[in-house]
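Source file structure-v3.cif; content: mmCIF, C-alpha atoms.
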data_input
#
loop_
_atom_site.label_atom_id
_atom_site.label_comp_id
_atom_site.auth_asym_id
_atom_site.auth_seq_id
_atom_site.Cartn_x
_atom_site.Cartn_y
_atom_site.Cartn_z
CA MET Y 24 145.93 31.64 112.44
CA LYS Y 25 149.70 32.00 112.09
CA ILE Y 26 149.74 29.39 109.32
CA ARG Y 27 147.22 31.42 107.27
CA VAL Y 28 149.29 34.60 107.60
CA ASN Y 29 152.41 32.78 106.43
CA ARG Y 30 150.60 31.41 103.38
CA TYR Y 31 149.35 34.89 102.49
CA LYS Y 32 152.87 36.34 102.74
CA LYS Y 33 154.23 33.47 100.65
CA TRP Y 34 151.70 34.26 97.90
CA LEU Y 35 152.66 37.96 97.95
CA ASN Y 36 156.30 37.15 97.48
CA ASN Y 37 155.76 36.30 93.80
CA TYR Y 38 152.37 37.97 93.06
CA LYS Y 39 153.77 39.88 90.06
CA VAL Y 40 154.75 36.68 88.33
CA LYS Y 41 151.35 35.15 89.03
CA ILE Y 42 149.47 38.21 87.72
CA PHE Y 43 151.63 38.25 84.56
CA SER Y 44 150.96 34.56 84.00
CA LEU Y 45 147.19 35.12 84.40
CA LEU Y 46 147.17 38.04 81.97
CA SER Y 47 149.24 36.08 79.46
CA ALA Y 48 146.81 33.18 79.65
CA LEU Y 49 143.84 35.52 79.15
CA PHE Y 50 145.52 37.19 76.17
CA LEU Y 51 146.35 33.82 74.58
CA TRP Y 52 142.75 32.67 75.09
CA PHE Y 53 141.40 35.91 73.63
CA TYR Y 54 143.73 35.65 70.60
CA VAL Y 55 142.73 32.07 69.89
CA VAL Y 56 139.02 32.78 70.31
CA THR Y 57 139.02 35.93 68.20
CA ASP Y 58 140.90 34.18 65.42
CA ASN Y 59 137.92 31.88 64.90
CA ARG Y 60 135.08 32.86 62.54
CA PHE Y 61 131.65 33.85 63.86
CA ASN Y 62 128.25 35.10 62.76
CA HIS Y 63 127.26 38.28 64.57
CA THR Y 64 124.27 40.64 64.20
CA ILE Y 65 125.12 44.35 64.08
CA GLN Y 66 122.76 47.34 63.92
CA VAL Y 67 123.70 49.47 60.91
CA PRO Y 68 122.53 53.14 60.72
CA VAL Y 69 120.32 54.24 57.81
CA HIS Y 70 121.42 57.30 55.80
CA LEU Y 71 119.22 59.15 53.30
CA VAL Y 72 121.05 60.73 50.36
CA ASN Y 73 119.95 63.07 47.54
CA ARG Y 74 116.79 64.16 49.31
CA PRO Y 75 114.97 66.81 47.24
CA GLN Y 76 115.25 70.36 48.57
CA GLU Y 77 112.25 71.72 50.46
CA TRP Y 78 111.00 68.17 51.15
CA ILE Y 79 110.86 66.35 54.48
CA LEU Y 80 109.98 62.91 55.82
CA GLN Y 81 106.26 62.69 56.48
CA GLU Y 82 106.73 59.75 58.84
CA PRO Y 83 109.85 58.57 60.69
CA ILE Y 84 111.74 55.61 59.27
CA PRO Y 85 113.83 53.03 61.16
CA SER Y 86 117.13 54.62 62.16
CA ARG Y 87 119.00 51.27 62.10
CA ILE Y 88 118.79 47.93 60.30
CA LYS Y 89 119.89 44.65 61.89
CA VAL Y 90 122.39 42.85 59.64
CA GLN Y 91 124.12 39.52 60.22
CA PHE Y 92 127.85 39.61 59.39
CA ARG Y 93 130.39 36.80 59.28
CA GLY Y 94 134.07 37.23 60.04
CA SER Y 95 136.87 36.50 62.44
CA GLY Y 96 136.36 37.61 66.01
CA LYS Y 97 139.12 40.20 65.68
CA ASP Y 98 137.68 41.70 62.50
CA LEU Y 99 134.12 41.73 63.84
CA LEU Y 100 135.30 43.46 67.00
CA ASN Y 101 137.16 46.05 64.93
CA PHE Y 102 134.18 46.48 62.60
CA LEU Y 103 131.87 47.35 65.49
CA TYR Y 104 133.69 50.69 65.89
CA ARG Y 105 133.91 51.53 62.19
CA GLU Y 106 131.69 54.11 60.43
CA LYS Y 107 129.16 52.17 58.39
CA HIS Y 108 125.65 52.76 57.08
CA ILE Y 109 122.92 51.61 54.72
CA GLU Y 110 122.36 54.15 51.97
CA LEU Y 111 118.90 54.97 50.57
CA ASP Y 112 119.03 57.18 47.47
CA LEU Y 113 116.00 59.52 47.26
CA ASP Y 114 116.95 61.11 43.96
CA GLN Y 115 114.02 59.56 42.05
CA VAL Y 116 111.52 59.45 44.92
CA ARG Y 117 108.28 61.33 44.30
CA ARG Y 118 106.16 61.38 47.44
CA GLU Y 119 106.57 57.69 48.35
CA LYS Y 120 108.80 54.69 47.70
CA THR Y 121 109.41 51.35 49.41
CA PHE Y 122 113.05 50.21 49.45
CA ALA Y 123 113.84 46.49 49.69
CA ILE Y 124 116.89 46.40 51.96
CA THR Y 125 119.75 44.32 50.57
CA THR Y 126 123.30 43.72 51.71
CA ASP Y 127 124.77 45.60 48.72
CA MET Y 128 123.36 48.83 50.18
CA ILE Y 129 125.86 48.65 53.05
CA ARG Y 130 128.66 51.20 52.88
CA GLY Y 131 131.80 51.44 55.02
CA ILE Y 132 133.26 47.90 55.01
CA PRO Y 133 137.04 48.50 54.80
CA LEU Y 134 139.00 46.79 52.06
CA GLY Y 135 141.04 43.89 53.38
CA MET Y 136 138.77 43.33 56.39
CA ALA Y 137 137.41 39.79 56.34
CA VAL Y 138 133.88 40.78 57.29
CA THR Y 139 131.03 39.76 54.98
CA PRO Y 140 127.34 40.66 55.29
CA GLN Y 141 125.30 37.47 55.27
CA ARG Y 142 121.67 38.58 55.41
CA ILE Y 143 119.29 41.33 56.50
CA VAL Y 144 117.75 40.39 59.84
CA GLY Y 145 115.19 43.18 59.81
CA PRO Y 146 113.41 45.18 58.85
CA ASP Y 147 113.84 43.93 55.30
CA SER Y 148 112.11 46.96 53.74
CA VAL Y 149 111.73 50.67 54.46
CA THR Y 150 108.93 52.88 53.13
CA VAL Y 151 109.90 56.53 52.65
CA ARG Y 152 107.08 59.09 52.45
CA LEU Y 153 108.00 62.66 51.57
CA ASP Y 154 106.02 65.88 51.95
CA ARG Y 155 106.83 69.52 51.36
CA LEU Y 156 108.44 71.34 54.26
CA ALA Y 157 106.09 73.96 55.75
CA GLU Y 158 106.49 76.53 58.51
CA LYS Y 159 104.13 78.92 60.27
CA ASN Y 160 103.64 80.73 63.57
CA VAL Y 161 100.78 79.61 65.81
CA ILE Y 162 99.42 81.05 69.04
CA ILE Y 163 100.11 79.45 72.40
CA ARG Y 164 97.13 78.16 74.37
CA SER Y 165 97.40 77.92 78.12
CA ARG Y 166 96.67 74.82 80.16
CA ILE Y 167 97.82 76.56 83.33
CA ALA Y 168 95.30 76.59 86.18
CA ILE Y 169 95.74 79.33 88.79
CA VAL Y 170 93.71 79.25 92.00
CA PRO Y 171 94.27 82.44 94.04
CA ALA Y 172 94.12 82.28 97.83
CA ASP Y 173 90.96 83.53 99.57
CA GLY Y 174 90.72 87.29 99.27
CA TYR Y 175 92.85 87.41 96.10
CA ILE Y 176 91.99 87.52 92.40
CA GLN Y 177 93.71 86.91 89.09
CA VAL Y 178 93.78 90.11 87.05
CA GLY Y 179 93.69 89.48 83.31
CA ASP Y 180 94.76 86.38 81.40
CA VAL Y 181 98.03 84.46 81.53
CA ILE Y 182 100.54 86.34 79.36
CA PHE Y 183 103.11 84.38 77.32
CA GLU Y 184 106.47 85.64 76.12
CA PRO Y 185 106.64 85.03 73.21
CA ASP Y 186 102.92 84.66 72.51
CA SER Y 187 103.47 82.45 69.43
CA VAL Y 188 105.85 79.72 68.28
CA LEU Y 189 107.22 78.59 64.91
CA VAL Y 190 105.94 75.17 63.82
CA SER Y 191 107.73 73.26 61.06
CA GLY Y 192 107.19 69.89 59.44
CA PRO Y 193 105.28 68.15 56.64
CA GLU Y 194 102.82 70.50 54.94
CA SER Y 195 99.91 68.05 55.33
CA TYR Y 196 100.35 68.14 59.12
CA VAL Y 197 101.39 71.75 59.67
CA SER Y 198 98.30 72.95 57.79
CA GLN Y 199 96.13 71.32 60.48
CA ILE Y 200 97.86 72.98 63.43
CA THR Y 201 96.27 76.20 64.73
CA GLU Y 202 97.84 76.40 68.19
CA ALA Y 203 100.53 75.02 70.47
CA VAL Y 204 99.44 74.05 73.97
CA THR Y 205 101.41 74.14 77.18
CA ASP Y 206 101.79 71.28 79.59
CA SER Y 207 99.13 71.10 82.30
CA GLN Y 208 100.21 72.76 85.53
CA GLU Y 209 98.29 74.03 88.56
CA PHE Y 210 99.17 76.75 91.04
CA ARG Y 211 97.08 76.90 94.23
CA SER Y 212 96.68 79.45 97.04
CA VAL Y 213 98.53 82.11 95.04
CA ILE Y 214 98.93 85.54 96.68
CA LYS Y 215 101.38 87.30 94.35
CA ARG Y 216 102.41 87.68 90.73
CA ILE Y 217 103.62 84.46 89.07
CA GLU Y 218 106.48 84.53 86.56
CA ASP Y 219 107.99 81.28 85.32
CA LYS Y 220 108.60 79.00 82.32
CA ILE Y 221 106.49 76.07 81.16
CA PRO Y 222 107.18 73.35 78.54
CA LEU Y 223 105.12 73.06 75.39
CA SER Y 224 103.35 69.74 74.83
CA HIS Y 225 104.83 67.65 72.03
CA SER Y 226 103.05 67.50 68.71
CA ALA Y 227 100.96 64.44 67.92
CA TRP Y 228 103.15 63.94 64.82
CA GLU Y 229 106.79 62.94 65.33
CA THR Y 230 108.00 64.82 62.26
CA VAL Y 231 106.49 68.13 63.43
CA THR Y 232 108.77 70.29 65.56
CA TYR Y 233 108.39 73.52 67.52
CA GLY Y 234 110.91 76.33 67.45
CA LEU Y 235 110.84 76.42 71.27
CA ASN Y 236 110.66 73.71 73.92
CA SER Y 237 109.26 76.06 76.56
CA VAL Y 238 107.88 79.60 76.92
CA GLY Y 239 107.88 82.19 79.66
CA PHE Y 240 104.59 83.21 81.25
CA ARG Y 241 103.29 85.60 83.87
CA ALA Y 242 100.02 86.13 85.70
CA ASP Y 243 99.02 89.08 87.89
CA ILE Y 244 97.50 88.20 91.28
CA GLN Y 245 96.15 91.01 93.49
CA ARG Y 246 94.25 91.35 96.74
CA ILE Y 247 90.53 91.88 96.16
CA GLY Y 248 89.20 95.37 96.91
CA GLU Y 249 86.05 97.39 96.23
CA ARG Y 250 85.01 101.00 95.70
CA MET Y 251 81.87 103.04 95.17
CA ILE Y 252 81.91 105.08 91.96
CA THR Y 253 79.28 107.83 91.74
CA GLU Y 254 77.96 110.29 89.16
CA ILE Y 255 78.74 108.14 86.13
CA PRO Y 256 77.10 109.83 83.08
CA VAL Y 257 74.43 107.84 81.23
CA THR Y 258 74.44 108.48 77.45
CA VAL Y 259 72.03 107.51 74.66
CA ALA Y 260 73.28 105.81 71.48
CA GLY Y 261 71.54 105.46 68.12
CA VAL Y 262 69.52 108.70 68.32
CA PRO Y 263 68.18 109.82 64.87
CA ARG Y 264 69.07 113.24 63.53
CA GLY Y 265 66.72 116.04 64.54
CA ILE Y 266 65.80 114.44 67.86
CA ARG Y 267 67.07 115.39 71.30
CA VAL Y 268 66.86 112.80 74.09
CA ILE Y 269 67.19 113.54 77.80
CA VAL Y 270 67.97 110.75 80.28
CA VAL Y 271 66.34 110.97 83.70
CA PRO Y 272 68.21 110.67 85.97
CA SER Y 273 71.38 111.52 84.05
CA THR Y 274 73.91 109.59 86.17
CA LEU Y 275 74.23 106.35 88.10
CA SER Y 276 76.35 104.91 90.90
CA LEU Y 277 77.71 101.42 91.39
CA ARG Y 278 80.08 99.33 93.47
CA VAL Y 279 83.14 97.88 91.71
CA GLN Y 280 85.32 94.95 92.76
CA GLY Y 281 88.76 93.93 91.52
CA GLY Y 282 92.46 93.91 92.26
CA VAL Y 283 93.50 96.72 94.58
CA ASN Y 284 96.13 97.99 92.13
CA ILE Y 285 93.59 98.29 89.32
CA LEU Y 286 90.99 99.92 91.58
CA SER Y 287 93.50 102.52 92.74
CA GLU Y 288 93.92 103.68 89.11
CA LEU Y 289 90.24 103.40 88.09
CA GLU Y 290 88.61 106.67 86.98
CA ARG Y 291 84.94 107.53 86.54
CA ASP Y 292 85.51 107.95 82.79
CA ASP Y 293 86.73 104.33 82.56
CA ILE Y 294 83.14 103.16 83.14
CA VAL Y 295 80.66 103.59 80.27
CA ALA Y 296 76.88 103.53 80.80
CA THR Y 297 74.69 103.68 77.65
CA ILE Y 298 71.08 103.21 76.56
CA ASP Y 299 70.34 102.14 72.98
CA TYR Y 300 67.56 104.40 71.70
CA ARG Y 301 66.64 101.86 69.00
CA ARG Y 302 65.80 99.21 71.61
CA ARG Y 303 63.61 101.38 73.87
CA TYR Y 304 60.44 99.65 72.63
CA GLN Y 305 61.61 96.35 74.08
CA TYR Y 306 60.82 97.67 77.55
CA THR Y 307 57.34 98.33 78.95
CA GLY Y 308 56.53 101.73 80.40
CA LYS Y 309 59.42 104.07 81.03
CA ARG Y 310 61.71 101.65 82.89
CA ILE Y 311 64.81 101.26 80.68
CA PRO Y 312 68.07 99.76 82.07
CA ALA Y 313 71.51 101.01 81.05
CA LYS Y 314 74.25 98.83 79.57
CA ILE Y 315 77.39 99.13 81.71
CA ASP Y 316 80.91 98.41 80.44
CA VAL Y 317 83.83 98.21 82.89
CA PRO Y 318 87.55 97.59 82.26
CA GLU Y 319 88.90 94.02 82.11
CA GLY Y 320 89.46 92.55 85.54
CA ILE Y 321 86.68 94.64 87.14
CA THR Y 322 83.22 93.46 88.21
CA PHE Y 323 80.35 95.58 89.51
CA SER Y 324 77.22 95.34 91.64
CA ASP Y 325 74.68 97.53 93.48
CA VAL Y 326 73.78 99.69 90.46
CA TRP Y 327 71.58 102.66 91.41
CA PRO Y 328 69.28 103.57 89.90
CA GLU Y 329 68.55 100.43 87.88
CA TYR Y 330 66.15 102.04 85.42
CA PHE Y 331 65.90 105.33 83.52
CA GLU Y 332 63.38 107.39 81.59
CA LEU Y 333 63.96 108.82 78.12
CA ILE Y 334 62.38 112.17 77.34
CA VAL Y 335 62.25 112.85 73.60
CA GLU Y 336 62.24 116.41 72.23
CA ARG Y 337 61.71 117.10 68.52
#
Could you render the structure from this file as structure tokens?
Amino acid sequence: MKIRVNRYKKWLNNYKVKIFSLLSALFLWFYVVTDNRFNHTIQVPVHLVNRPQEWILQEPIPSRIKVQFRGSGKDLLNFLYREKHIELDLDQVRREKTFAITTDMIRGIPLGMAVTPQRIVGPDSVTVRLDRLAEKNVIIRSRIAIVPADGYIQVGDVIFEPDSVLVSGPESYVSQITEAVTDSQEFRSVIKRIEDKIPLSHSAWETVTYGLNSVGFRADIQRIGERMITEIPVTVAGVPRGIRVIVVPSTLSLRVQGGVNILSELERDDIVATIDYRRRYQYTGKRIPAKIDVPEGITFSDVWPEYFELIVER
């Protein structure tokens, strides 16, 4: 054990010299290796120039082209970090053009650097399709599922803020879009108002973009309640001039159900009961039902009476 400790101390006595020698050897090896010439494949970005105004790519194109270069190791290593690109000139493009990719399209090889493009590895051609840029606002459609807890109810629809989104992209695609849909999301056993954000689903076309990635939404959840509303007037619609029509009986009662907050503000005048005079012959005898309209978020039952009589006076 003592022998090992002594050897370790002996090595530490001149560790700086040993580390310097190792680094010098590595540097010499690196210098010799990088001075040799190699073939190396590099991905070169594609740049579009002179694109017509108000036009956009209909389909994405490859963002990079693989090119084989030859040069010394040092120059190739330096070239990796240089700004370089393959230039496609769209000045004369009308709708569509296929470019054969050649090495003379490469820009950004510094003068004096011994790096030479050898060949295009791939892709060896790029097809550019252009379309007019179009924009429009479309509504947002919900794919949010809300399941209230027992004894609770959702009042009204899901409200989005904003309720529309700007869509932009190729005219041929944008013209087909009528709505933007949200991601699917489910909320279960909800007992109170929900207010949150939700992402919009990506377009089926890569070149179509939305002005927003997500939208805010809210949904009103209330405890279920019920009330009896009495003495609701029954009116007659579509009565010809010169005729007076009396409804017997003249009022009805019903039971309403809905969120407790809505029910607390519900008035008798918010419920409309009507009989269409022009449709009275559809019913046999004198038993004519009334059409009942209630505010959104309200349901009703136990209507009394169910049928009415129309007395016509000329």
- Item | Best match for closeness to Ala157 of chain Y among Y:Ile182, Y:Val257, Y:Val190, Y:Val144, counting only C-alpha atoms | Y:Val190
- Residues in the PyMOL selection byres ((chain Y and resi 188) around 10), expressed as an NGL selection string: :Y and (159-163 or 184-187 or 189-191 or 202-203 or 223 or 233-238)
- Name the residues captured by the PyMOL selection byres ((chain Y and resi 92-106) around 10) when it is applied to the shown file; answer as an MDAnalysis selection string. chainID Y and resid 53:68 89:91 107:108 126 130:133 135:143
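Using the PyMOL selection byres ((chain Y and resi 290) around 12) on the file at hand returns these residues: Arg250, Met251, Ile252, Thr253, Glu254, Ile255, Val279, Ile285, Leu286, Ser287, Glu288, Leu289, Arg291, Asp292, Asp293, Ile294, Val295, Val317 and Pro318 of chain Y.
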- Spatial neighbours of Phe240 of chain Y, 8 Å, all atoms listed in the file, chain gap at least 3 places, as a PyMOL selection string: chain Y and resi 181-184+217-221
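One finds atom CA of Gln208 of chain Y at 25.8 Å from atom CA of Thr230 of chain Y.
All residues that come within 9 Å of the coordinates (103.2, 72.0, 59.6), counting all atoms listed in the file, are given as Leu156, Ala157, Glu158, Lys159, Val190, Ser191, Gly192, Pro193, Glu194, Ser195, Tyr196, Val197, Ser198, Gln199, Ile200, Val231 and Thr232 of chain Y.
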Selection from above, C-alpha atoms, as an mmCIF file, in the coordinates of the input, can you write it?
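Generated output (selection-v9.cif):
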data_model
loop_
_atom_site.group_PDB
_atom_site.id
_atom_site.type_symbol
_atom_site.label_atom_id
_atom_site.label_comp_id
_atom_site.auth_asym_id
_atom_site.auth_seq_id
_atom_site.Cartn_x
_atom_site.Cartn_y
_atom_site.Cartn_z
ATOM 1 C CA LEU Y 156 108.440 71.340 54.260
ATOM 2 C CA ALA Y 157 106.090 73.960 55.750
ATOM 3 C CA GLU Y 158 106.490 76.530 58.510
ATOM 4 C CA LYS Y 159 104.130 78.920 60.270
ATOM 5 C CA VAL Y 190 105.940 75.170 63.820
ATOM 6 C CA SER Y 191 107.730 73.260 61.060
ATOM 7 C CA GLY Y 192 107.190 69.890 59.440
ATOM 8 C CA PRO Y 193 105.280 68.150 56.640
ATOM 9 C CA GLU Y 194 102.820 70.500 54.940
ATOM 10 C CA SER Y 195 99.910 68.050 55.330
ATOM 11 C CA TYR Y 196 100.350 68.140 59.120
ATOM 12 C CA VAL Y 197 101.390 71.750 59.670
ATOM 13 C CA SER Y 198 98.300 72.950 57.790
ATOM 14 C CA GLN Y 199 96.130 71.320 60.480
ATOM 15 C CA ILE Y 200 97.860 72.980 63.430
ATOM 16 C CA VAL Y 231 106.490 68.130 63.430
ATOM 17 C CA THR Y 232 108.770 70.290 65.560
#
- Test item: residues at most 7 Å from Gly248 of chain Y, all atoms listed in the file, excluding those fewer than 2 positions along its chain, as a ChimeraX atom specification: /Y:246,280-283
- Selected residue, from Y:Ser165, Y:Asn284, Y:Gln305, Y:Ser86, that lies nearest to Leu71 of chain Y when counting only C-alpha atoms: Y:Ser86
- Message: I'd like the interatomic distance between atom CA of Ile247 of chain Y and atom CA of Tyr175 of chain Y, to a tenth of an Å.
- Response: 5.0 Å
Excluding same-chain residues fewer than 3 positions from Arg74 of chain Y, what lies within 10 Å of it counting only C-alpha atoms, as a tab-separated table (two decimals) with C-alpha atoms, in the coordinates of the input?
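What landed in around17.tsv:
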chain	number	residue	atom	x	y	z
Y	71	LEU	CA	119.22	59.15	53.30
Y	77	GLU	CA	112.25	71.72	50.46
Y	78	TRP	CA	111.00	68.17	51.15
Y	79	ILE	CA	110.86	66.35	54.48
Y	80	LEU	CA	109.98	62.91	55.82
Y	111	LEU	CA	118.90	54.97	50.57
Y	112	ASP	CA	119.03	57.18	47.47
Y	113	LEU	CA	116.00	59.52	47.26
Y	114	ASP	CA	116.95	61.11	43.96
Y	115	GLN	CA	114.02	59.56	42.05
Y	116	VAL	CA	111.52	59.45	44.92
Y	153	LEU	CA	108.00	62.66	51.57
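Picture a line from atom CA of Glu329 of chain Y to atom CA of Tyr304 of chain Y; it runs 17.3 Å.
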- Query: Given the choices Y:Arg155, Y:Lys314, Y:Arg241, Y:Arg118, which gets closest to Gly179 of chain Y if the distance is worked out from only C-alpha atoms?
  - Reply: Y:Arg241
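Comparing the minimum interatomic distances between Ile315 of chain Y and each of Y:Pro256, Y:Gly265, Y:Pro146, Y:Gly239, counting all atoms listed in the file, we find that Y:Pro256 sits nearest.
Remark: residues at most 7 Å from position (117.6, 51.9, 54.9) in file coordinates are Val69, His70, Ile88, Ile109, Glu110, Leu111, Ile124 and Val149 of chain Y, using all atoms listed in the file.
Considering only C-alpha atoms, the residue among Y:Thr121, Y:Gln177, Y:Thr297, Y:Thr150 positioned nearest to Pro83 of chain Y is Y:Thr150.
Comparing Y:Ala296, Y:Ala313, Y:Ala242, Y:Ile334 by their smallest distance to Ile266 of chain Y, the closest is Y:Ile334 (using only C-alpha atoms).
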Fill-in result for segment 210-223 of chain Y, N, CA and C atoms as a PDB file, in the frame of the given file:
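Output saved as part08.pdb:
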ATOM      1  N   PHE Y 210      98.615  75.969  89.944  1.00  0.00           N
ATOM      2  CA  PHE Y 210      99.170  76.750  91.040  1.00  0.00           C
ATOM      3  C   PHE Y 210      98.021  77.075  91.997  1.00  0.00           C
ATOM      4  N   ARG Y 211      98.144  76.703  93.258  1.00  0.00           N
ATOM      5  CA  ARG Y 211      97.080  76.900  94.230  1.00  0.00           C
ATOM      6  C   ARG Y 211      97.503  77.880  95.331  1.00  0.00           C
ATOM      7  N   SER Y 212      96.482  78.530  95.907  1.00  0.00           N
ATOM      8  CA  SER Y 212      96.680  79.450  97.040  1.00  0.00           C
ATOM      9  C   SER Y 212      97.696  80.537  96.701  1.00  0.00           C
ATOM     10  N   VAL Y 213      97.568  81.113  95.517  1.00  0.00           N
ATOM     11  CA  VAL Y 213      98.530  82.110  95.040  1.00  0.00           C
ATOM     12  C   VAL Y 213      98.165  83.477  95.614  1.00  0.00           C
ATOM     13  N   ILE Y 214      99.178  84.216  96.081  1.00  0.00           N
ATOM     14  CA  ILE Y 214      98.930  85.540  96.680  1.00  0.00           C
ATOM     15  C   ILE Y 214      99.764  86.638  96.020  1.00  0.00           C
ATOM     16  N   LYS Y 215     100.565  86.281  95.006  1.00  0.00           N
ATOM     17  CA  LYS Y 215     101.380  87.300  94.350  1.00  0.00           C
ATOM     18  C   LYS Y 215     101.591  86.934  92.898  1.00  0.00           C
ATOM     19  N   ARG Y 216     102.161  87.853  92.160  1.00  0.00           N
ATOM     20  CA  ARG Y 216     102.410  87.680  90.730  1.00  0.00           C
ATOM     21  C   ARG Y 216     103.259  86.425  90.483  1.00  0.00           C
ATOM     22  N   ILE Y 217     102.871  85.656  89.466  1.00  0.00           N
ATOM     23  CA  ILE Y 217     103.620  84.460  89.070  1.00  0.00           C
ATOM     24  C   ILE Y 217     104.379  84.769  87.788  1.00  0.00           C
ATOM     25  N   GLU Y 218     105.656  84.378  87.757  1.00  0.00           N
ATOM     26  CA  GLU Y 218     106.480  84.530  86.560  1.00  0.00           C
ATOM     27  C   GLU Y 218     107.407  83.338  86.471  1.00  0.00           C
ATOM     28  N   ASP Y 219     107.255  82.542  85.401  1.00  0.00           N
ATOM     29  CA  ASP Y 219     107.990  81.280  85.320  1.00  0.00           C
ATOM     30  C   ASP Y 219     108.067  80.835  83.867  1.00  0.00           C
ATOM     31  N   LYS Y 220     108.587  79.619  83.645  1.00  0.00           N
ATOM     32  CA  LYS Y 220     108.600  79.000  82.320  1.00  0.00           C
ATOM     33  C   LYS Y 220     107.816  77.699  82.388  1.00  0.00           C
ATOM     34  N   ILE Y 221     107.249  77.312  81.226  1.00  0.00           N
ATOM     35  CA  ILE Y 221     106.490  76.070  81.160  1.00  0.00           C
ATOM     36  C   ILE Y 221     106.772  75.393  79.822  1.00  0.00           C
ATOM     37  N   PRO Y 222     106.940  74.061  79.812  1.00  0.00           N
ATOM     38  CA  PRO Y 222     107.180  73.350  78.540  1.00  0.00           C
ATOM     39  C   PRO Y 222     105.955  73.359  77.654  1.00  0.00           C
ATOM     40  N   LEU Y 223     106.192  73.252  76.350  1.00  0.00           N
ATOM     41  CA  LEU Y 223     105.120  73.060  75.390  1.00  0.00           C
ATOM     42  C   LEU Y 223     104.907  71.559  75.173  1.00  0.00           C
TER      43      LEU Y 223
END
